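**Student:** Here it is, the structure in full.
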Amino acid sequence: MRRGSLLLFLGLMGCALQSMEAGDDASVGNGVTVRAEPGFAQIHLAAMRYWTRNGTGLDELGFYTGIKEGQPLFRVPGLRIGDMPVYRARMTPNDIQDLVVASLVKKKMQNVRTGALRPCPFGTAQGFCFDLTLANDEGLEMRGRAIASARSSVLDLLIFTAPAGYYFDQGAPAAEKIFSSIQTH
C-alpha cells in the first residue's frame, strides 16, 4: 500500500519513479556512473535526480553532477536561482562543505552541521567525503553522508540523508557501497 501511494503521489507531481535491478550500473550525469544497491528506486524531478528505498523524506540519495562555475547545487521551489549560493571552481573541500550547508539551509533544513572531512576516492579521481547532521523543516533529526569531486573545475556531489536512527542506520551501508562503486568517464 505504501509503495502504491508513493507511486500515485509521484505521478500526480509529474515525477517518474523507476525501480532498478541491484548490480546494474546507472549513469547519474557528467560521466559519473554508480552501481545500484537492492531496494532503491530512481525518482526524476525536472532538473533533479535522486534515489530512495523507503520514500521521499525517509531516505534520499541525491546526485548533483556537472555543476559549473556560478551554478547552484540544486534548485529550491519558490526561490530564484540568484537567491541560491553558487559553486566556484576555486573552492576548497571546506568551502564546498560550507556551500552544501548554505544550500540545505535554503531548502529549509535546520541546524545543518558537517564534520569528519576526509579524502576519499571518487572513481579514479581524488575526492573527499564528509558527514552531515541536520533537521528537516519539522525538526526531525537527520544524518547524512556526502562524497564530492571537482574534476576540470566541475563539481560532482552525491548526498545521502535519512532520519537519524533506524532509516539512516539501515540506508548508510548501501549508500557507502554506492559511493565506492563510483566510476568516472
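Within each chain, counting starts at residue 1; across the C-alpha cells, chains are named A, B, ... in the order shown, with ligands numbered 1 upward in that order.
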Produce a table with one row for each residue of range 35-62 of chain A that has an atom at most 12 Å from any atom of range 131-155 of chain A, each row naming the nearest atom pair and its distance in Å at one decimal; use only C-alpha atoms; arrange rows by chain and rising residue number; format as a tab-separated table.
**Tutor:**
```
residue	atom	partner	partner_atom	distance
A:Gly57	CA	A:Asn136	CA	8.7
A:Leu58	CA	A:Met142	CA	9.4
A:Asp59	CA	A:Gly144	CA	9.5
A:Glu60	CA	A:Gly144	CA	9.4
A:Leu61	CA	A:Ala146	CA	9.3
A:Gly62	CA	A:Ala146	CA	9.4
```
**Student:** DSSP on the backbone: which residues in range 1-181 of chain A end up as alpha helix (DSSP H)? Give the answer as a JSON list (two decimals) with N, CA and C atoms, in the first residue's frame.
**Tutor:**
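The result, stored in result07.json:
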```json
[["chain", "number", "residue", "atom", "x", "y", "z"],
["A", 2, "ARG", "N", 1.91, 1.27, 0.83],
["A", 2, "ARG", "CA", 2.76, 2.46, 0.93],
["A", 2, "ARG", "C", 3.42, 2.77, -0.41],
["A", 3, "ARG", "N", 3.93, 1.74, -1.10],
["A", 3, "ARG", "CA", 4.59, 1.96, -2.40],
["A", 3, "ARG", "C", 3.56, 2.43, -3.43],
["A", 4, "GLY", "N", 2.34, 1.89, -3.38],
["A", 4, "GLY", "CA", 1.29, 2.32, -4.30],
["A", 4, "GLY", "C", 0.93, 3.78, -4.08],
["A", 5, "SER", "N", 0.85, 4.19, -2.83],
["A", 5, "SER", "CA", 0.55, 5.59, -2.52],
["A", 5, "SER", "C", 1.67, 6.50, -3.00],
["A", 6, "LEU", "N", 2.91, 6.05, -2.83],
["A", 6, "LEU", "CA", 4.05, 6.84, -3.29],
["A", 6, "LEU", "C", 4.00, 6.99, -4.81],
["A", 7, "LEU", "N", 3.70, 5.90, -5.52],
["A", 7, "LEU", "CA", 3.63, 5.97, -6.99],
["A", 7, "LEU", "C", 2.54, 6.94, -7.43],
["A", 8, "LEU", "N", 1.38, 6.88, -6.80],
["A", 8, "LEU", "CA", 0.29, 7.79, -7.15],
["A", 8, "LEU", "C", 0.70, 9.23, -6.89],
["A", 9, "PHE", "N", 1.29, 9.50, -5.73],
["A", 9, "PHE", "CA", 1.72, 10.85, -5.37],
["A", 9, "PHE", "C", 2.73, 11.37, -6.38],
["A", 10, "LEU", "N", 3.73, 10.56, -6.71],
["A", 10, "LEU", "CA", 4.76, 11.00, -7.65],
["A", 10, "LEU", "C", 4.19, 11.20, -9.04],
["A", 11, "GLY", "N", 3.25, 10.36, -9.43],
["A", 11, "GLY", "CA", 2.61, 10.52, -10.73],
["A", 11, "GLY", "C", 1.86, 11.83, -10.81],
["A", 12, "LEU", "N", 1.18, 12.19, -9.74],
["A", 12, "LEU", "CA", 0.45, 13.46, -9.72],
["A", 12, "LEU", "C", 1.40, 14.65, -9.73],
["A", 93, "PRO", "N", 37.73, 21.88, -0.41],
["A", 93, "PRO", "CA", 36.76, 20.97, 0.20],
["A", 93, "PRO", "C", 35.99, 21.62, 1.36],
["A", 94, "ASN", "N", 36.68, 22.42, 2.19],
["A", 94, "ASN", "CA", 35.98, 23.11, 3.29],
["A", 94, "ASN", "C", 34.94, 24.08, 2.75],
["A", 95, "ASP", "N", 35.30, 24.80, 1.67],
["A", 95, "ASP", "CA", 34.35, 25.73, 1.05],
["A", 95, "ASP", "C", 33.13, 24.99, 0.50],
["A", 96, "ILE", "N", 33.36, 23.81, -0.08],
["A", 96, "ILE", "CA", 32.25, 23.04, -0.64],
["A", 96, "ILE", "C", 31.36, 22.53, 0.48],
["A", 97, "GLN", "N", 31.94, 22.13, 1.61],
["A", 97, "GLN", "CA", 31.12, 21.79, 2.78],
["A", 97, "GLN", "C", 30.22, 22.97, 3.15],
["A", 98, "ASP", "N", 30.80, 24.16, 3.21],
["A", 98, "ASP", "CA", 30.03, 25.36, 3.55],
["A", 98, "ASP", "C", 28.94, 25.62, 2.51],
["A", 99, "LEU", "N", 29.24, 25.37, 1.24],
["A", 99, "LEU", "CA", 28.25, 25.53, 0.17],
["A", 99, "LEU", "C", 27.08, 24.56, 0.36],
["A", 100, "VAL", "N", 27.39, 23.32, 0.73],
["A", 100, "VAL", "CA", 26.34, 22.33, 1.00],
["A", 100, "VAL", "C", 25.47, 22.80, 2.16],
["A", 101, "VAL", "N", 26.10, 23.27, 3.23],
["A", 101, "VAL", "CA", 25.34, 23.76, 4.39],
["A", 101, "VAL", "C", 24.42, 24.91, 3.97],
["A", 102, "ALA", "N", 24.97, 25.91, 3.29],
["A", 102, "ALA", "CA", 24.17, 27.07, 2.88],
["A", 102, "ALA", "C", 23.04, 26.67, 1.94],
["A", 103, "SER", "N", 23.29, 25.71, 1.06],
["A", 103, "SER", "CA", 22.26, 25.25, 0.12],
["A", 103, "SER", "C", 21.15, 24.51, 0.85],
["A", 104, "LEU", "N", 21.51, 23.65, 1.80],
["A", 104, "LEU", "CA", 20.50, 22.92, 2.57],
["A", 104, "LEU", "C", 19.67, 23.86, 3.43],
["A", 105, "VAL", "N", 20.28, 24.91, 3.97],
["A", 105, "VAL", "CA", 19.53, 25.90, 4.74],
["A", 105, "VAL", "C", 18.49, 26.58, 3.85],
["A", 106, "LYS", "N", 18.85, 26.87, 2.60],
["A", 106, "LYS", "CA", 17.89, 27.46, 1.66],
["A", 106, "LYS", "C", 16.74, 26.51, 1.37],
["A", 166, "TYR", "N", 16.94, 4.58, 12.87],
["A", 166, "TYR", "CA", 16.61, 3.44, 12.02],
["A", 166, "TYR", "C", 16.89, 3.66, 10.54],
["A", 167, "TYR", "N", 16.32, 4.69, 9.92],
["A", 167, "TYR", "CA", 16.46, 4.86, 8.47],
["A", 167, "TYR", "C", 17.89, 5.16, 8.06],
["A", 168, "PHE", "N", 18.60, 5.98, 8.84],
["A", 168, "PHE", "CA", 20.00, 6.24, 8.50],
["A", 168, "PHE", "C", 20.82, 4.97, 8.69],
["A", 169, "ASP", "N", 20.65, 4.31, 9.82],
["A", 169, "ASP", "CA", 21.41, 3.09, 10.09],
["A", 169, "ASP", "C", 21.14, 2.02, 9.05],
["A", 170, "GLN", "N", 19.92, 1.93, 8.56],
["A", 170, "GLN", "CA", 19.55, 0.95, 7.55],
["A", 170, "GLN", "C", 20.14, 1.33, 6.18],
["A", 171, "GLY", "N", 20.12, 2.60, 5.83],
["A", 171, "GLY", "CA", 20.50, 3.01, 4.48],
["A", 171, "GLY", "C", 21.95, 3.37, 4.27],
["A", 172, "ALA", "N", 22.65, 3.79, 5.33],
["A", 172, "ALA", "CA", 24.03, 4.26, 5.17],
["A", 172, "ALA", "C", 24.97, 3.21, 4.58],
["A", 173, "PRO", "N", 24.90, 1.93, 4.99],
["A", 173, "PRO", "CA", 25.80, 0.95, 4.37],
["A", 173, "PRO", "C", 25.58, 0.82, 2.85],
["A", 174, "ALA", "N", 24.34, 0.85, 2.41],
["A", 174, "ALA", "CA", 24.06, 0.79, 0.97],
["A", 174, "ALA", "C", 24.57, 2.04, 0.26],
["A", 175, "ALA", "N", 24.40, 3.20, 0.88],
["A", 175, "ALA", "CA", 24.91, 4.44, 0.29],
["A", 175, "ALA", "C", 26.43, 4.39, 0.18],
["A", 176, "GLU", "N", 27.10, 3.87, 1.19],
["A", 176, "GLU", "CA", 28.56, 3.74, 1.15],
["A", 176, "GLU", "C", 28.99, 2.82, 0.01],
["A", 177, "LYS", "N", 28.25, 1.72, -0.21],
["A", 177, "LYS", "CA", 28.57, 0.82, -1.33],
["A", 177, "LYS", "C", 28.40, 1.55, -2.66],
["A", 178, "ILE", "N", 27.35, 2.35, -2.76],
["A", 178, "ILE", "CA", 27.14, 3.13, -3.99],
["A", 178, "ILE", "C", 28.28, 4.12, -4.17],
["A", 179, "PHE", "N", 28.67, 4.80, -3.10],
["A", 179, "PHE", "CA", 29.80, 5.74, -3.18],
["A", 179, "PHE", "C", 31.06, 5.02, -3.66],
["A", 180, "SER", "N", 31.32, 3.82, -3.13],
["A", 180, "SER", "CA", 32.54, 3.11, -3.50],
["A", 180, "SER", "C", 32.47, 2.53, -4.92]]
```
**Student:** Write down as a ChimeraX atom specification the residues belonging to range 25-106 of chain A that are assigned strand (DSSP E or B) by DSSP computed on the backbone.
**Tutor:** /A:25-29,32-35,41-45,48-52,60-67
**Student:** Convert the current residue selection to file output with N, CA and C atoms, as an mmCIF file, in the first residue's frame.
**Tutor:**
```
data_model
loop_
_atom_site.group_PDB
_atom_site.id
_atom_site.type_symbol
_atom_site.label_atom_id
_atom_site.label_comp_id
_atom_site.auth_asym_id
_atom_site.auth_seq_id
_atom_site.Cartn_x
_atom_site.Cartn_y
_atom_site.Cartn_z
ATOM 1 N N ASP A 25 24.561 -0.895 -13.458
ATOM 2 C CA ASP A 25 25.254 0.387 -13.474
ATOM 3 C C ASP A 25 24.293 1.451 -13.975
ATOM 4 N N ALA A 26 24.308 2.605 -13.325
ATOM 5 C CA ALA A 26 23.415 3.705 -13.696
ATOM 6 C C ALA A 26 24.235 4.965 -13.910
ATOM 7 N N SER A 27 23.981 5.642 -15.020
ATOM 8 C CA SER A 27 24.614 6.926 -15.285
ATOM 9 C C SER A 27 23.854 7.989 -14.507
ATOM 10 N N VAL A 28 24.589 8.795 -13.730
ATOM 11 C CA VAL A 28 23.940 9.833 -12.924
ATOM 12 C C VAL A 28 24.366 11.236 -13.341
ATOM 13 N N GLY A 29 24.993 11.341 -14.514
ATOM 14 C CA GLY A 29 25.341 12.644 -15.059
ATOM 15 C C GLY A 29 26.822 12.946 -15.030
ATOM 16 N N VAL A 32 29.527 10.246 -14.676
ATOM 17 C CA VAL A 32 29.590 9.505 -13.415
ATOM 18 C C VAL A 32 28.578 8.360 -13.476
ATOM 19 N N THR A 33 29.046 7.146 -13.190
ATOM 20 C CA THR A 33 28.146 6.004 -13.072
ATOM 21 C C THR A 33 28.332 5.387 -11.690
ATOM 22 N N VAL A 34 27.257 4.781 -11.205
ATOM 23 C CA VAL A 34 27.284 4.079 -9.925
ATOM 24 C C VAL A 34 26.551 2.754 -10.085
ATOM 25 N N ARG A 35 26.791 1.837 -9.172
ATOM 26 C CA ARG A 35 26.125 0.540 -9.182
ATOM 27 C C ARG A 35 24.963 0.570 -8.191
ATOM 28 N N ALA A 41 14.902 2.881 -5.764
ATOM 29 C CA ALA A 41 14.157 3.309 -6.948
ATOM 30 C C ALA A 41 14.638 4.707 -7.301
ATOM 31 N N GLN A 42 14.650 5.015 -8.598
ATOM 32 C CA GLN A 42 15.055 6.342 -9.071
ATOM 33 C C GLN A 42 13.842 7.249 -9.123
ATOM 34 N N ILE A 43 14.039 8.480 -8.737
ATOM 35 C CA ILE A 43 13.000 9.499 -8.880
ATOM 36 C C ILE A 43 13.607 10.643 -9.677
ATOM 37 N N HIS A 44 12.929 11.022 -10.747
ATOM 38 C CA HIS A 44 13.381 12.140 -11.578
ATOM 39 C C HIS A 44 12.371 13.266 -11.441
ATOM 40 N N LEU A 45 12.819 14.377 -10.936
ATOM 41 C CA LEU A 45 12.009 15.588 -10.840
ATOM 42 C C LEU A 45 12.675 16.641 -11.702
ATOM 43 N N MET A 48 16.237 17.414 -11.182
ATOM 44 C CA MET A 48 16.856 16.763 -10.037
ATOM 45 C C MET A 48 16.677 15.255 -10.151
ATOM 46 N N ARG A 49 17.713 14.529 -9.759
ATOM 47 C CA ARG A 49 17.666 13.072 -9.766
ATOM 48 C C ARG A 49 18.065 12.586 -8.376
ATOM 49 N N TYR A 50 17.250 11.690 -7.828
ATOM 50 C CA TYR A 50 17.669 11.054 -6.591
ATOM 51 C C TYR A 50 17.066 9.672 -6.484
ATOM 52 N N TRP A 51 17.628 8.883 -5.587
ATOM 53 C CA TRP A 51 17.159 7.527 -5.344
ATOM 54 C C TRP A 51 16.635 7.458 -3.919
ATOM 55 N N THR A 52 15.694 6.548 -3.704
ATOM 56 C CA THR A 52 15.154 6.317 -2.365
ATOM 57 C C THR A 52 14.821 4.839 -2.213
ATOM 58 N N GLU A 60 17.049 9.600 1.119
ATOM 59 C CA GLU A 60 17.256 10.151 -0.218
ATOM 60 C C GLU A 60 18.743 10.168 -0.527
ATOM 61 N N LEU A 61 19.073 9.706 -1.720
ATOM 62 C CA LEU A 61 20.432 9.797 -2.230
ATOM 63 C C LEU A 61 20.373 10.707 -3.445
ATOM 64 N N GLY A 62 20.848 11.942 -3.275
ATOM 65 C CA GLY A 62 20.786 12.942 -4.340
ATOM 66 C C GLY A 62 22.056 12.961 -5.162
ATOM 67 N N PHE A 63 21.889 13.110 -6.474
ATOM 68 C CA PHE A 63 23.008 13.179 -7.410
ATOM 69 C C PHE A 63 23.040 14.581 -8.002
ATOM 70 N N TYR A 64 24.048 15.343 -7.664
ATOM 71 C CA TYR A 64 24.207 16.719 -8.137
ATOM 72 C C TYR A 64 25.509 16.750 -8.935
ATOM 73 N N THR A 65 25.404 16.493 -10.222
ATOM 74 C CA THR A 65 26.593 16.313 -11.052
ATOM 75 C C THR A 65 26.671 17.386 -12.131
ATOM 76 N N GLY A 66 27.890 17.637 -12.574
ATOM 77 C CA GLY A 66 28.102 18.598 -13.652
ATOM 78 C C GLY A 66 27.855 20.037 -13.254
ATOM 79 N N ILE A 67 28.107 20.374 -12.000
ATOM 80 C CA ILE A 67 27.859 21.733 -11.510
ATOM 81 C C ILE A 67 29.038 22.617 -11.905
#
```
**Student:** Using only C-alpha atoms, which of the listed residues (A:Arg118, A:Arg113, A:Lys108, A:Arg90) sits closest to Gly70 in chain A?
**Tutor:**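 Between A:Arg118, A:Arg113, A:Lys108, A:Arg90, the residue approaching Gly70 in chain A most closely is A:Arg90.
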**Student:** Tell me, in Å to one decimal, how far CA of Leu73 in chain A is from CA of Gly165 in chain A.
**Tutor:**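 That distance, rounded to one decimal, is 26.7 Å.
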